[in-house]
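Below: the structure, in structure tokens.
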Amino acid sequence: MAGRERVVRMSVEQPLWRALTAYRVLTLVYAALLAGFGREKYERPWVAVAFLAFLALWTAVTLPRVAGAASCTKRFLGLDLVVALAGILLTPLADADARHMDGPTLPSIWTAGSVLAFALKGGWRWAAFASTLVAAANIVERGEPSEDTFHNVLLVWVASIAIGYVVEVARASERTLARALEIEAATRERERLARDIHDSVLQVLAMVQRRGTALGGEAAELGRMAGEQEVALRTLVSSGLVPTTRVSEDSAEGAVVRRVDADHDDAEPGAADSDLRALLAAHAGSRVTFAEPGAPVLLPVGAARELAAAVSAALDNVRVHAGPAARAWILVEDEPDEVIVTVRDDGPGIPEGRLDQAEGEGRLGVALSIRGRLRDLGGTAELISVPGQGTEVELKVPKISRGKAGSAR
């Protein structure tokens with residue numbers, strides 16, 4: 001992401017920095033011509049000559065500094081602004097009449113280039129800071145500023161802030177564009193993976209299921225397992241939870257390095273969040289139906305893993321106690337304050353008092369694997385079972401902060 005953003009930003013901002021470079025050179029020439037044509041009015045021409053000579057040297061030496069945002073450091077901006085302010089305040093020393101005749105200052109419009117550098121580097125706030133100092137220096141230099149002085153000061157102030165604001169908007173647009181390009185590339189990669197999986201893995205699993213069913217015996221059980229895995233894999237592909245190549249490029253000495261990340265792990269709230277759907281979708285199969293929201297169900301990583309482990313324990317109980325022919329359903333609900341996962345089966349149900357008896361005998365599967373996990377997360381686990389009508393386990397987890405999530409892990 002950072003590499004792509006640098007590339008896009010360079011393509012948009014670089015012309016602005018090049019224009020600033022040309023502006024500084026042209027305005028230096030303009031300031032020198034003004035001083036040359038008006039040399040007879042200077043009471044101390046050596047002051048003007050000395051300053052303009054220094055300004056020419058400073059402009060030539062610092063041209064690489066204004067070649068881009070990286071080289072234009074805060075220290076350089078500060079020194080550049082000091083040079084501009086010094087030129088303004090030295091004007092009355094070279095020309096005493098300039099204070100009363102509204103003549104140009106020694107740096108003239110070169111000063112605006114220093115303010116524009118602040119705008120390009122830091123946006124409108126930096127531009128407002130620099131232009132305010134320049135305005136104050138102009139007012140001090142004039143002593144009794146005229147209407148034209150206030151007009152020129154206000155023009156520089158407004159123009160620099162406007163340019164700084166445009167730069168900030170351009171940078172925000174660059175980030176949006178980079179993200180859109182990344183999402184588009186990830187979508188294409190997901191589609192490619194889906195095609196590859198469909199043409200290879202899914203077809204093999206379907207063939208194993210058909211052949212196993214036809215052969216019978218132990219092969220039939222293998223076929224059934226292959227069928228469940230086929231359904232689970234199709235669920236992952238169709239829901240977009242298959243890890244995909246995330247386009248993120250960094251340039252180093254002309255080389256491009258591509259990184260591979262899991263797309264669903266890059267959720268907006270941050271790297272500490274995990275999509276619960278990705279953890280539960282693997283349970284889907286020919287006898288397990290998985291119903292999920294259309295949007296990501298985000299929980300801190302530790303909470304998501306513990307909740308998924310509780311769901312896995314509930315499904316293990318279905319397989320052990322309800323029999324291999326029982327069907328199960330997983331329903332995920334994303335509420336504003338909590339996440340609810342319901343696991344239901346169509347098995348024979350649990351006889352009344354059976355759970356208490358199991359705990360007394362030391363078999364603590366439900367007590368520890370399910371209720372214990374939810375209790376540690378600050379949630380609840382409610383088990384409802386009617387003999388002959390199946391069992392339903394409702395798991396509720398509050399959307400806790402990331403700090404608590406770390407302890408839940």
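The way I read the labels, and the way they are meant: chains A, B, ... in the order of the structure tokens, residue 1 as the first residue of every chain, and ligand 1 as the first ligand shown, with later ones counted on from there.
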So which residues touch Ile350 (chain A) within 10 Å, counting only C-alpha atoms, skipping near sequence neighbours fewer than 3 positions away, as a ChimeraX atom specification? /A:321-322,347,353-355,383-391
The selected residues should be written to file as a PDB file, in the first residue's frame (atoms: C-alpha atoms).
```pdb
ATOM      1  CA  HIS A 321     -24.205 -37.794  20.475  1.00  0.00           C
ATOM      2  CA  ALA A 322     -26.595 -37.189  17.561  1.00  0.00           C
ATOM      3  CA  GLY A 347     -30.681 -35.187  16.661  1.00  0.00           C
ATOM      4  CA  GLY A 353     -30.385 -34.034  33.810  1.00  0.00           C
ATOM      5  CA  ARG A 354     -27.878 -35.617  31.430  1.00  0.00           C
ATOM      6  CA  LEU A 355     -25.532 -32.586  31.456  1.00  0.00           C
ATOM      7  CA  LEU A 383     -28.189 -24.771  25.676  1.00  0.00           C
ATOM      8  CA  ILE A 384     -31.784 -25.698  24.863  1.00  0.00           C
ATOM      9  CA  SER A 385     -32.697 -29.321  24.204  1.00  0.00           C
ATOM     10  CA  VAL A 386     -36.002 -31.138  23.953  1.00  0.00           C
ATOM     11  CA  PRO A 387     -35.903 -34.959  23.716  1.00  0.00           C
ATOM     12  CA  GLY A 388     -36.759 -35.984  20.182  1.00  0.00           C
ATOM     13  CA  GLN A 389     -36.506 -32.417  18.809  1.00  0.00           C
ATOM     14  CA  GLY A 390     -32.767 -31.783  18.666  1.00  0.00           C
ATOM     15  CA  THR A 391     -30.472 -29.406  20.525  1.00  0.00           C
TER      16      THR A 391
END
```
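Note that CA of Val167 (chain A) and CA of Leu55 (chain A) are 27.3 Å apart.
With only C-alpha atoms as the atoms that count, the minimum distance from Leu155 (chain A) to the choices A:Ala117, A:Ile109, A:Ala170, A:Val288 is reached by A:Ile109.
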